Amino acid sequence: MQLNLTPDCNKTSITILGNTDVEIHWRHTDLFEINLIHKEDFGMGGSAQYEIKLLNAKKFEDKISITLPATGQRAEIDVNCKPVEKAPSPTIIDVASWAIMLGLGLLLLYWVLKATPRRSQQPRARDTATSSSLAPSTPDRSSVNVINDKSPRTPQPFVDYVRRTIDETPYYRREGRRINPQNTY
């Protein structure tokens with residue numbers, strides 16, 4: 001049994017069940033205290049609740065000895081207090097170091113941007129070409145043969161392959177899907 005106390009968690013309680021006529025001893029009475037909160041004494045079926053409260057947040061280790069004088073039974077509880085160390089606040093040197101690194105980063109960014117060549121605003125040779133040479137020509141719609149001659153044709157072996165694949169695919173036909181009632185849920 002062990003109790004860990006910290007400045008943030010500086011109170012706890014223990015309950016003794018049974019014979020509540022006990023004696024409680026500890027060494028560091030200046031660092032924590034033990035007080036009786038509630039006691040119901042029914043002989044062998046009683047209960048007593050004690051509060052353990054940290055008084056001083058120093059690092060220490062102690063033992064609480066609970067003794068029943070009538071029988072000499074004894075129980076010990078280890079008590080530890082380990083204050084959490086706070087992170088040191090930033091010093092002037094830390095702030096100055098960050099300021100120097102930030103300044104050097106900005107200086108490096110400025111130097112890189114200044115060294116990058118800028119694009120000239122002169123028009124490109126491509127932009128000066130006439131729009132008629134860049135735009136695709138519209139086919140003459142008066143002749144159907146001209147349009148059909150220029151449209152791409154799908155090779156017949158590929159068309160045959162696609163038809164054969166569709167025909168050989170299970171449960172897929174051109175006229176619709178066939179459903180197997182055995183596989184319905």
# chains A, B, ... in the order shown; residues from 1 in each chain; ligands from 1
>>> residues_around(residues="segment 47-64 of chain A", least_positions_apart="6", cutoff="10 Å", atoms="only C-alpha atoms", output="mmCIF file with all heavy atoms, in the first residue's frame")
data_model
loop_
_atom_site.group_PDB
_atom_site.id
_atom_site.type_symbol
_atom_site.label_atom_id
_atom_site.label_comp_id
_atom_site.auth_asym_id
_atom_site.auth_seq_id
_atom_site.Cartn_x
_atom_site.Cartn_y
_atom_site.Cartn_z
ATOM 1 N N GLN A 2 0.558 2.180 -0.854
ATOM 2 C CA GLN A 2 1.388 3.369 -1.001
ATOM 3 C C GLN A 2 0.516 4.565 -1.360
ATOM 4 O O GLN A 2 -0.412 4.446 -2.152
ATOM 5 C CB GLN A 2 2.424 3.132 -2.103
ATOM 6 C CG GLN A 2 3.358 4.289 -2.286
ATOM 7 C CD GLN A 2 4.489 3.939 -3.243
ATOM 8 O OE1 GLN A 2 4.735 2.796 -3.541
ATOM 9 N NE2 GLN A 2 5.176 4.941 -3.699
ATOM 10 N N LEU A 3 0.835 5.712 -0.788
ATOM 11 C CA LEU A 3 0.167 6.970 -1.108
ATOM 12 C C LEU A 3 1.189 7.901 -1.726
ATOM 13 O O LEU A 3 2.269 8.092 -1.174
ATOM 14 C CB LEU A 3 -0.403 7.630 0.160
ATOM 15 C CG LEU A 3 -1.549 6.922 0.855
ATOM 16 C CD1 LEU A 3 -1.902 7.658 2.139
ATOM 17 C CD2 LEU A 3 -2.752 6.870 -0.045
ATOM 18 N N ASN A 4 0.849 8.489 -2.858
ATOM 19 C CA ASN A 4 1.704 9.470 -3.513
ATOM 20 C C ASN A 4 1.004 10.815 -3.446
ATOM 21 O O ASN A 4 -0.073 10.986 -4.003
ATOM 22 C CB ASN A 4 1.972 9.086 -4.969
ATOM 23 C CG ASN A 4 2.747 7.796 -5.076
ATOM 24 O OD1 ASN A 4 3.695 7.578 -4.340
ATOM 25 N ND2 ASN A 4 2.339 6.924 -5.970
ATOM 26 N N LEU A 5 1.630 11.766 -2.776
ATOM 27 C CA LEU A 5 1.073 13.098 -2.637
ATOM 28 C C LEU A 5 1.890 14.076 -3.455
ATOM 29 O O LEU A 5 3.110 13.938 -3.572
ATOM 30 C CB LEU A 5 1.067 13.524 -1.157
ATOM 31 C CG LEU A 5 0.250 12.653 -0.213
ATOM 32 C CD1 LEU A 5 0.465 13.088 1.228
ATOM 33 C CD2 LEU A 5 -1.221 12.719 -0.558
ATOM 34 N N THR A 6 1.221 15.051 -4.041
ATOM 35 C CA THR A 6 1.877 16.121 -4.789
ATOM 36 C C THR A 6 1.204 17.432 -4.401
ATOM 37 O O THR A 6 0.138 17.417 -3.796
ATOM 38 C CB THR A 6 1.737 15.906 -6.311
ATOM 39 O OG1 THR A 6 0.357 15.974 -6.652
ATOM 40 C CG2 THR A 6 2.321 14.581 -6.756
ATOM 41 N N PRO A 7 1.777 18.577 -4.748
ATOM 42 C CA PRO A 7 1.097 19.839 -4.453
ATOM 43 C C PRO A 7 -0.271 19.941 -5.112
ATOM 44 O O PRO A 7 -1.172 20.568 -4.571
ATOM 45 C CB PRO A 7 2.054 20.899 -5.000
ATOM 46 C CG PRO A 7 3.390 20.249 -4.954
ATOM 47 C CD PRO A 7 3.142 18.798 -5.227
ATOM 48 N N ASP A 8 -0.461 19.313 -6.273
ATOM 49 C CA ASP A 8 -1.759 19.352 -6.951
ATOM 50 C C ASP A 8 -2.744 18.359 -6.339
ATOM 51 O O ASP A 8 -3.943 18.602 -6.313
ATOM 52 C CB ASP A 8 -1.595 19.048 -8.446
ATOM 53 C CG ASP A 8 -0.798 20.128 -9.152
ATOM 54 O OD1 ASP A 8 -0.836 21.282 -8.690
ATOM 55 O OD2 ASP A 8 -0.143 19.811 -10.155
ATOM 56 N N CYS A 9 -2.263 17.245 -5.872
ATOM 57 C CA CYS A 9 -3.105 16.215 -5.251
ATOM 58 C C CYS A 9 -2.621 16.060 -3.809
ATOM 59 O O CYS A 9 -1.860 15.150 -3.492
ATOM 60 C CB CYS A 9 -2.970 14.912 -6.032
ATOM 61 S SG CYS A 9 -4.000 13.590 -5.387
ATOM 62 N N ASN A 10 -3.062 16.974 -2.956
ATOM 63 C CA ASN A 10 -2.490 17.053 -1.616
ATOM 64 C C ASN A 10 -3.392 16.511 -0.520
ATOM 65 O O ASN A 10 -3.088 16.666 0.655
ATOM 66 C CB ASN A 10 -2.106 18.502 -1.301
ATOM 67 C CG ASN A 10 -3.287 19.437 -1.392
ATOM 68 O OD1 ASN A 10 -4.403 19.014 -1.593
ATOM 69 N ND2 ASN A 10 -3.017 20.718 -1.268
ATOM 70 N N LYS A 11 -4.488 15.865 -0.867
ATOM 71 C CA LYS A 11 -5.413 15.298 0.118
ATOM 72 C C LYS A 11 -5.856 13.929 -0.341
ATOM 73 O O LYS A 11 -6.067 13.697 -1.523
ATOM 74 C CB LYS A 11 -6.669 16.169 0.203
ATOM 75 C CG LYS A 11 -6.767 17.043 1.370
ATOM 76 C CD LYS A 11 -8.170 17.618 1.405
ATOM 77 C CE LYS A 11 -8.101 19.075 1.736
ATOM 78 N NZ LYS A 11 -9.409 19.684 1.852
ATOM 79 N N THR A 12 -6.029 13.047 0.628
ATOM 80 C CA THR A 12 -6.600 11.739 0.346
ATOM 81 C C THR A 12 -7.236 11.236 1.628
ATOM 82 O O THR A 12 -7.069 11.849 2.682
ATOM 83 C CB THR A 12 -5.541 10.749 -0.185
ATOM 84 O OG1 THR A 12 -6.195 9.571 -0.630
ATOM 85 C CG2 THR A 12 -4.507 10.409 0.857
ATOM 86 N N SER A 13 -7.953 10.159 1.523
ATOM 87 C CA SER A 13 -8.562 9.602 2.729
ATOM 88 C C SER A 13 -8.390 8.094 2.727
ATOM 89 O O SER A 13 -8.283 7.462 1.673
ATOM 90 C CB SER A 13 -10.035 9.976 2.826
ATOM 91 O OG SER A 13 -10.752 9.395 1.772
ATOM 92 N N ILE A 14 -8.362 7.531 3.948
ATOM 93 C CA ILE A 14 -8.303 6.084 4.108
ATOM 94 C C ILE A 14 -9.439 5.692 5.035
ATOM 95 O O ILE A 14 -9.850 6.466 5.903
ATOM 96 C CB ILE A 14 -6.938 5.607 4.652
ATOM 97 C CG1 ILE A 14 -6.623 6.258 5.997
ATOM 98 C CG2 ILE A 14 -5.832 5.872 3.666
ATOM 99 C CD1 ILE A 14 -5.399 5.693 6.685
ATOM 100 N N THR A 15 -9.944 4.501 4.864
ATOM 101 C CA THR A 15 -11.034 3.995 5.689
ATOM 102 C C THR A 15 -10.586 2.696 6.338
ATOM 103 O O THR A 15 -10.042 1.811 5.665
ATOM 104 C CB THR A 15 -12.296 3.745 4.839
ATOM 105 O OG1 THR A 15 -12.653 4.966 4.190
ATOM 106 C CG2 THR A 15 -13.450 3.282 5.692
ATOM 107 N N ILE A 16 -10.812 2.622 7.638
ATOM 108 C CA ILE A 16 -10.488 1.416 8.392
ATOM 109 C C ILE A 16 -11.808 0.737 8.739
ATOM 110 O O ILE A 16 -12.701 1.351 9.331
ATOM 111 C CB ILE A 16 -9.695 1.765 9.665
ATOM 112 C CG1 ILE A 16 -8.367 2.424 9.260
ATOM 113 C CG2 ILE A 16 -9.460 0.522 10.509
ATOM 114 C CD1 ILE A 16 -7.573 2.958 10.413
ATOM 115 N N LEU A 17 -11.928 -0.526 8.362
ATOM 116 C CA LEU A 17 -13.140 -1.296 8.633
ATOM 117 C C LEU A 17 -12.839 -2.342 9.693
ATOM 118 O O LEU A 17 -11.758 -2.926 9.721
ATOM 119 C CB LEU A 17 -13.635 -1.988 7.358
ATOM 120 C CG LEU A 17 -14.021 -1.070 6.208
ATOM 121 C CD1 LEU A 17 -14.362 -1.886 4.982
ATOM 122 C CD2 LEU A 17 -15.209 -0.205 6.605
ATOM 123 N N GLY A 18 -13.807 -2.584 10.531
ATOM 124 C CA GLY A 18 -13.639 -3.570 11.601
ATOM 125 C C GLY A 18 -13.488 -2.855 12.933
ATOM 126 O O GLY A 18 -14.217 -1.917 13.245
ATOM 127 N N ASN A 19 -12.521 -3.285 13.716
ATOM 128 C CA ASN A 19 -12.258 -2.657 15.014
ATOM 129 C C ASN A 19 -11.566 -1.319 14.760
ATOM 130 O O ASN A 19 -10.473 -1.275 14.200
ATOM 131 C CB ASN A 19 -11.392 -3.574 15.872
ATOM 132 C CG ASN A 19 -11.345 -3.134 17.302
ATOM 133 O OD1 ASN A 19 -11.653 -1.980 17.637
ATOM 134 N ND2 ASN A 19 -10.962 -4.057 18.183
ATOM 135 N N THR A 20 -12.181 -0.236 15.183
ATOM 136 C CA THR A 20 -11.661 1.102 14.870
ATOM 137 C C THR A 20 -10.876 1.720 16.016
ATOM 138 O O THR A 20 -10.465 2.872 15.927
ATOM 139 C CB THR A 20 -12.821 2.041 14.503
ATOM 140 O OG1 THR A 20 -13.737 2.094 15.598
ATOM 141 C CG2 THR A 20 -13.508 1.568 13.241
ATOM 142 N N ASP A 21 -10.603 0.967 17.091
ATOM 143 C CA ASP A 21 -9.800 1.472 18.205
ATOM 144 C C ASP A 21 -8.328 1.279 17.865
ATOM 145 O O ASP A 21 -7.653 0.388 18.384
ATOM 146 C CB ASP A 21 -10.158 0.735 19.501
ATOM 147 C CG ASP A 21 -11.586 0.986 19.920
ATOM 148 O OD1 ASP A 21 -12.080 2.111 19.648
ATOM 149 O OD2 ASP A 21 -12.215 0.077 20.486
ATOM 150 N N VAL A 22 -7.806 2.107 16.952
ATOM 151 C CA VAL A 22 -6.437 1.963 16.456
ATOM 152 C C VAL A 22 -5.606 3.163 16.874
ATOM 153 O O VAL A 22 -6.126 4.229 17.212
ATOM 154 C CB VAL A 22 -6.405 1.808 14.920
ATOM 155 C CG1 VAL A 22 -7.079 0.532 14.489
ATOM 156 C CG2 VAL A 22 -7.010 2.995 14.228
ATOM 157 N N ILE A 24 -2.454 5.559 15.357
ATOM 158 C CA ILE A 24 -1.798 5.906 14.092
ATOM 159 C C ILE A 24 -0.560 6.741 14.409
ATOM 160 O O ILE A 24 -0.627 7.722 15.161
ATOM 161 C CB ILE A 24 -2.757 6.688 13.170
ATOM 162 C CG1 ILE A 24 -3.981 5.827 12.862
ATOM 163 C CG2 ILE A 24 -2.047 7.099 11.891
ATOM 164 C CD1 ILE A 24 -5.032 6.507 12.030
ATOM 165 N N HIS A 25 0.578 6.341 13.822
ATOM 166 C CA HIS A 25 1.849 7.035 14.047
ATOM 167 C C HIS A 25 2.532 7.299 12.706
ATOM 168 O O HIS A 25 2.460 6.483 11.783
ATOM 169 C CB HIS A 25 2.778 6.181 14.926
ATOM 170 C CG HIS A 25 2.215 5.864 16.269
ATOM 171 N ND1 HIS A 25 2.166 6.758 17.295
ATOM 172 C CD2 HIS A 25 1.661 4.713 16.738
ATOM 173 C CE1 HIS A 25 1.611 6.209 18.353
ATOM 174 N NE2 HIS A 25 1.283 4.943 18.040
ATOM 175 N N TRP A 26 3.259 8.425 12.609
ATOM 176 C CA TRP A 26 4.100 8.768 11.463
ATOM 177 C C TRP A 26 5.205 9.689 11.959
ATOM 178 O O TRP A 26 5.084 10.324 13.000
ATOM 179 C CB TRP A 26 3.291 9.372 10.316
ATOM 180 C CG TRP A 26 2.680 10.721 10.582
ATOM 181 C CD1 TRP A 26 3.157 11.923 10.203
ATOM 182 C CD2 TRP A 26 1.476 10.993 11.291
ATOM 183 N NE1 TRP A 26 2.345 12.931 10.617
ATOM 184 C CE2 TRP A 26 1.293 12.374 11.290
ATOM 185 C CE3 TRP A 26 0.522 10.193 11.932
ATOM 186 C CZ2 TRP A 26 0.212 12.995 11.899
ATOM 187 C CZ3 TRP A 26 -0.555 10.807 12.525
ATOM 188 C CH2 TRP A 26 -0.700 12.190 12.510
ATOM 189 N N ARG A 27 6.291 9.783 11.224
ATOM 190 C CA ARG A 27 7.466 10.551 11.664
ATOM 191 C C ARG A 27 7.347 12.027 11.330
ATOM 192 O O ARG A 27 7.579 12.868 12.179
ATOM 193 C CB ARG A 27 8.743 10.005 11.000
ATOM 194 C CG ARG A 27 9.190 8.699 11.536
ATOM 195 C CD ARG A 27 10.510 8.308 10.917
ATOM 196 N NE ARG A 27 10.481 8.612 9.480
ATOM 197 C CZ ARG A 27 11.169 7.995 8.567
ATOM 198 N NH1 ARG A 27 11.983 7.047 8.905
ATOM 199 N NH2 ARG A 27 11.078 8.305 7.300
ATOM 200 N N HIS A 28 7.039 12.373 10.077
ATOM 201 C CA HIS A 28 7.075 13.769 9.608
ATOM 202 C C HIS A 28 5.750 14.467 9.904
ATOM 203 O O HIS A 28 4.963 14.743 9.005
ATOM 204 C CB HIS A 28 7.379 13.824 8.105
ATOM 205 C CG HIS A 28 8.731 13.281 7.749
ATOM 206 N ND1 HIS A 28 9.897 13.901 8.112
ATOM 207 C CD2 HIS A 28 9.094 12.158 7.083
ATOM 208 C CE1 HIS A 28 10.927 13.209 7.664
ATOM 209 N NE2 HIS A 28 10.463 12.128 7.034
ATOM 210 N N THR A 29 5.538 14.813 11.162
ATOM 211 C CA THR A 29 4.288 15.478 11.558
ATOM 212 C C THR A 29 4.227 16.909 11.050
ATOM 213 O O THR A 29 3.141 17.487 10.986
ATOM 214 C CB THR A 29 4.136 15.465 13.087
ATOM 215 O OG1 THR A 29 5.288 16.089 13.668
ATOM 216 C CG2 THR A 29 3.981 14.047 13.605
ATOM 217 N N ASP A 30 5.358 17.475 10.672
ATOM 218 C CA ASP A 30 5.365 18.838 10.142
ATOM 219 C C ASP A 30 5.081 18.881 8.634
ATOM 220 O O ASP A 30 4.806 19.946 8.088
ATOM 221 C CB ASP A 30 6.711 19.515 10.445
ATOM 222 C CG ASP A 30 7.878 18.737 9.847
ATOM 223 O OD1 ASP A 30 7.782 17.501 9.744
ATOM 224 O OD2 ASP A 30 8.887 19.381 9.484
ATOM 225 N N LEU A 31 5.134 17.745 7.950
ATOM 226 C CA LEU A 31 4.933 17.720 6.495
ATOM 227 C C LEU A 31 3.520 17.291 6.090
ATOM 228 O O LEU A 31 3.024 17.725 5.066
ATOM 229 C CB LEU A 31 5.960 16.801 5.835
ATOM 230 C CG LEU A 31 7.429 17.233 6.017
ATOM 231 C CD1 LEU A 31 8.359 16.210 5.410
ATOM 232 C CD2 LEU A 31 7.671 18.597 5.422
ATOM 233 N N PHE A 32 2.886 16.420 6.864
ATOM 234 C CA PHE A 32 1.501 16.048 6.585
ATOM 235 C C PHE A 32 0.813 15.696 7.896
ATOM 236 O O PHE A 32 1.456 15.387 8.893
ATOM 237 C CB PHE A 32 1.401 14.908 5.565
ATOM 238 C CG PHE A 32 1.906 13.578 6.018
ATOM 239 C CD1 PHE A 32 1.023 12.618 6.491
ATOM 240 C CD2 PHE A 32 3.243 13.249 5.965
ATOM 241 C CE1 PHE A 32 1.473 11.379 6.894
ATOM 242 C CE2 PHE A 32 3.697 12.021 6.367
ATOM 243 C CZ PHE A 32 2.815 11.076 6.833
ATOM 244 N N GLU A 33 -0.522 15.781 7.866
ATOM 245 C CA GLU A 33 -1.301 15.479 9.066
ATOM 246 C C GLU A 33 -2.382 14.461 8.739
ATOM 247 O O GLU A 33 -2.809 14.333 7.592
ATOM 248 C CB GLU A 33 -1.930 16.741 9.648
ATOM 249 C CG GLU A 33 -2.994 17.377 8.782
ATOM 250 C CD GLU A 33 -3.589 18.640 9.388
ATOM 251 O OE1 GLU A 33 -3.195 19.036 10.491
ATOM 252 O OE2 GLU A 33 -4.466 19.221 8.727
ATOM 253 N N ILE A 34 -2.824 13.751 9.793
ATOM 254 C CA ILE A 34 -3.873 12.751 9.660
ATOM 255 C C ILE A 34 -4.958 13.107 10.666
ATOM 256 O O ILE A 34 -4.690 13.224 11.860
ATOM 257 C CB ILE A 34 -3.342 11.331 9.908
ATOM 258 C CG1 ILE A 34 -2.206 11.016 8.934
ATOM 259 C CG2 ILE A 34 -4.462 10.309 9.782
ATOM 260 C CD1 ILE A 34 -1.512 9.704 9.199
ATOM 261 N N ASN A 35 -6.184 13.302 10.195
ATOM 262 C CA ASN A 35 -7.309 13.685 11.052
ATOM 263 C C ASN A 35 -8.462 12.727 10.845
ATOM 264 O O ASN A 35 -8.752 12.309 9.717
ATOM 265 C CB ASN A 35 -7.790 15.114 10.723
ATOM 266 C CG ASN A 35 -6.742 16.144 11.031
ATOM 267 O OD1 ASN A 35 -6.081 16.080 12.064
ATOM 268 N ND2 ASN A 35 -6.571 17.100 10.124
ATOM 269 N N LEU A 36 -9.150 12.422 11.943
ATOM 270 C CA LEU A 36 -10.347 11.591 11.888
ATOM 271 C C LEU A 36 -11.493 12.421 11.325
ATOM 272 O O LEU A 36 -11.772 13.514 11.802
ATOM 273 C CB LEU A 36 -10.706 11.084 13.291
ATOM 274 C CG LEU A 36 -11.947 10.219 13.396
ATOM 275 C CD1 LEU A 36 -11.767 8.916 12.627
ATOM 276 C CD2 LEU A 36 -12.271 9.950 14.866
ATOM 277 N N ILE A 37 -12.159 11.923 10.304
ATOM 278 C CA ILE A 37 -13.281 12.636 9.684
ATOM 279 C C ILE A 37 -14.605 12.077 10.191
ATOM 280 O O ILE A 37 -15.493 12.819 10.589
ATOM 281 C CB ILE A 37 -13.238 12.498 8.142
ATOM 282 C CG1 ILE A 37 -11.979 13.117 7.581
ATOM 283 C CG2 ILE A 37 -14.450 13.148 7.518
ATOM 284 C CD1 ILE A 37 -11.814 12.861 6.103
ATOM 285 N N HIS A 38 -14.724 10.757 10.164
ATOM 286 C CA HIS A 38 -16.004 10.132 10.501
ATOM 287 C C HIS A 38 -15.725 8.781 11.153
ATOM 288 O O HIS A 38 -14.838 8.040 10.725
ATOM 289 C CB HIS A 38 -16.821 9.934 9.216
ATOM 290 C CG HIS A 38 -18.145 9.316 9.446
ATOM 291 N ND1 HIS A 38 -19.187 9.982 10.028
ATOM 292 C CD2 HIS A 38 -18.601 8.069 9.168
ATOM 293 C CE1 HIS A 38 -20.235 9.183 10.098
ATOM 294 N NE2 HIS A 38 -19.898 8.009 9.576
ATOM 295 N N LYS A 39 -16.525 8.470 12.179
ATOM 296 C CA LYS A 39 -16.342 7.186 12.853
ATOM 297 C C LYS A 39 -17.698 6.627 13.246
ATOM 298 O O LYS A 39 -18.528 7.315 13.823
ATOM 299 C CB LYS A 39 -15.474 7.363 14.093
ATOM 300 C CG LYS A 39 -15.144 6.081 14.802
ATOM 301 C CD LYS A 39 -14.166 6.344 15.931
ATOM 302 C CE LYS A 39 -13.766 5.028 16.576
ATOM 303 N NZ LYS A 39 -12.792 5.231 17.652
ATOM 304 N N GLU A 40 -17.927 5.373 12.892
ATOM 305 C CA GLU A 40 -19.115 4.628 13.308
ATOM 306 C C GLU A 40 -18.609 3.409 14.048
ATOM 307 O O GLU A 40 -17.945 2.561 13.469
ATOM 308 C CB GLU A 40 -19.953 4.208 12.094
ATOM 309 C CG GLU A 40 -20.600 5.357 11.382
ATOM 310 C CD GLU A 40 -21.418 4.902 10.182
ATOM 311 O OE1 GLU A 40 -21.608 3.678 10.014
ATOM 312 O OE2 GLU A 40 -21.841 5.771 9.418
ATOM 313 N N ASP A 41 -18.891 3.359 15.331
ATOM 314 C CA ASP A 41 -18.326 2.287 16.141
ATOM 315 C C ASP A 41 -19.408 1.291 16.495
ATOM 316 O O ASP A 41 -20.290 1.567 17.302
ATOM 317 C CB ASP A 41 -17.700 2.888 17.406
ATOM 318 C CG ASP A 41 -16.750 1.945 18.082
ATOM 319 O OD1 ASP A 41 -16.456 0.885 17.493
ATOM 320 O OD2 ASP A 41 -16.291 2.261 19.194
ATOM 321 N N ALA A 75 -0.371 -2.501 10.453
ATOM 322 C CA ALA A 75 -0.336 -2.312 8.999
ATOM 323 C C ALA A 75 0.429 -1.031 8.725
ATOM 324 O O ALA A 75 0.374 -0.070 9.507
ATOM 325 C CB ALA A 75 -1.743 -2.220 8.438
ATOM 326 N N GLU A 76 1.174 -1.039 7.631
ATOM 327 C CA GLU A 76 1.969 0.142 7.267
ATOM 328 C C GLU A 76 1.596 0.595 5.869
ATOM 329 O O GLU A 76 1.354 -0.223 4.977
ATOM 330 C CB GLU A 76 3.464 -0.169 7.344
ATOM 331 C CG GLU A 76 3.954 -0.385 8.742
ATOM 332 C CD GLU A 76 5.466 -0.577 8.806
ATOM 333 O OE1 GLU A 76 6.095 -0.794 7.748
ATOM 334 O OE2 GLU A 76 6.006 -0.500 9.913
ATOM 335 N N ILE A 77 1.569 1.914 5.708
ATOM 336 C CA ILE A 77 1.288 2.528 4.407
ATOM 337 C C ILE A 77 2.454 3.455 4.086
ATOM 338 O O ILE A 77 2.786 4.331 4.894
ATOM 339 C CB ILE A 77 -0.026 3.331 4.419
ATOM 340 C CG1 ILE A 77 -1.203 2.420 4.790
ATOM 341 C CG2 ILE A 77 -0.262 3.997 3.077
ATOM 342 C CD1 ILE A 77 -2.491 3.172 5.021
ATOM 343 N N ASP A 78 3.083 3.258 2.938
ATOM 344 C CA ASP A 78 4.165 4.148 2.500
ATOM 345 C C ASP A 78 3.560 5.436 1.965
ATOM 346 O O ASP A 78 2.594 5.411 1.203
ATOM 347 C CB ASP A 78 5.007 3.488 1.408
ATOM 348 C CG ASP A 78 5.803 2.306 1.923
ATOM 349 O OD1 ASP A 78 6.224 2.350 3.094
ATOM 350 O OD2 ASP A 78 5.997 1.339 1.163
ATOM 351 N N VAL A 79 4.156 6.564 2.354
ATOM 352 C CA VAL A 79 3.702 7.873 1.884
ATOM 353 C C VAL A 79 4.898 8.549 1.216
ATOM 354 O O VAL A 79 5.968 8.643 1.800
ATOM 355 C CB VAL A 79 3.179 8.745 3.050
ATOM 356 C CG1 VAL A 79 2.744 10.101 2.531
ATOM 357 C CG2 VAL A 79 2.062 8.057 3.777
ATOM 358 N N ASN A 80 4.685 9.013 -0.007
ATOM 359 C CA ASN A 80 5.734 9.709 -0.766
ATOM 360 C C ASN A 80 5.211 11.060 -1.209
ATOM 361 O O ASN A 80 4.037 11.206 -1.554
ATOM 362 C CB ASN A 80 6.130 8.926 -2.023
ATOM 363 C CG ASN A 80 6.765 7.609 -1.685
ATOM 364 O OD1 ASN A 80 7.544 7.511 -0.752
ATOM 365 N ND2 ASN A 80 6.410 6.577 -2.437
ATOM 366 N N CYS A 81 6.080 12.022 -1.234
ATOM 367 C CA CYS A 81 5.758 13.328 -1.808
ATOM 368 C C CYS A 81 6.891 13.702 -2.730
ATOM 369 O O CYS A 81 8.044 13.801 -2.302
ATOM 370 C CB CYS A 81 5.572 14.387 -0.727
ATOM 371 S SG CYS A 81 5.169 16.005 -1.421
ATOM 372 N N LYS A 82 6.571 13.874 -3.988
ATOM 373 C CA LYS A 82 7.557 14.285 -4.991
ATOM 374 C C LYS A 82 7.005 15.486 -5.723
ATOM 375 O O LYS A 82 6.210 15.331 -6.642
ATOM 376 C CB LYS A 82 7.853 13.147 -5.964
ATOM 377 C CG LYS A 82 8.487 11.958 -5.299
ATOM 378 C CD LYS A 82 8.758 10.860 -6.289
ATOM 379 C CE LYS A 82 9.356 9.658 -5.570
ATOM 380 N NZ LYS A 82 9.551 8.534 -6.456
ATOM 381 N N PRO A 83 7.389 16.683 -5.304
ATOM 382 C CA PRO A 83 6.873 17.879 -5.986
ATOM 383 C C PRO A 83 7.312 17.897 -7.440
ATOM 384 O O PRO A 83 8.428 17.521 -7.780
ATOM 385 C CB PRO A 83 7.496 19.044 -5.220
ATOM 386 C CG PRO A 83 8.033 18.471 -3.957
ATOM 387 C CD PRO A 83 8.273 17.015 -4.198
ATOM 388 N N VAL A 84 6.404 18.321 -8.284
ATOM 389 C CA VAL A 84 6.679 18.427 -9.718
ATOM 390 C C VAL A 84 7.516 19.683 -9.936
ATOM 391 O O VAL A 84 7.157 20.772 -9.495
ATOM 392 C CB VAL A 84 5.367 18.499 -10.528
ATOM 393 C CG1 VAL A 84 5.656 18.652 -11.999
ATOM 394 C CG2 VAL A 84 4.532 17.276 -10.258
#
>>> select_by_dssp(residues="segment 34-76 of chain A", states="strand (DSSP E)", output="list of chain:residue names")
A:Ile34, A:Asn35, A:Leu36, A:Ile37, A:His38, A:Lys39, A:Glu40, A:Gly46, A:Ser47, A:Ala48, A:Gln49, A:Tyr50, A:Glu51, A:Ile52, A:Lys53, A:Leu54, A:Phe60, A:Glu61, A:Asp62, A:Lys63, A:Ile64, A:Ser65, A:Ile66, A:Thr67, A:Leu68, A:Gln73, A:Arg74, A:Ala75, A:Glu76
>>> closest_residue(among="A:Glu23, A:Ile100, A:Val159, A:Gly105", to="Ala70 of chain A", atoms="only C-alpha atoms")
A:Glu23
>>> atom_distance(atom1="atom CA of Arg74 of chain A", atom2="atom CA of Met1 of chain A")
13.1 Å
>>> atom_distance(atom1="atom CA of Gln156 of chain A", atom2="atom CA of Pro170 of chain A")
23.7 Å
>>> atom_distance(atom1="atom CA of Asp94 of chain A", atom2="atom CA of Leu109 of chain A")
22.7 Å
>>> decode(residues="segment 23-34 of chain A", atoms="C-alpha atoms", output="CSV table (one decimal), in the first residue's frame")
chain,number,residue,atom,x,y,z
A,23,GLU,CA,-3.3,4.0,17.0
A,24,ILE,CA,-1.8,5.9,14.1
A,25,HIS,CA,1.8,7.0,14.0
A,26,TRP,CA,4.1,8.8,11.5
A,27,ARG,CA,7.5,10.6,11.7
A,28,HIS,CA,7.1,13.8,9.6
A,29,THR,CA,4.3,15.5,11.6
A,30,ASP,CA,5.4,18.8,10.1
A,31,LEU,CA,4.9,17.7,6.5
A,32,PHE,CA,1.5,16.0,6.6
A,33,GLU,CA,-1.3,15.5,9.1
A,34,ILE,CA,-3.9,12.8,9.7
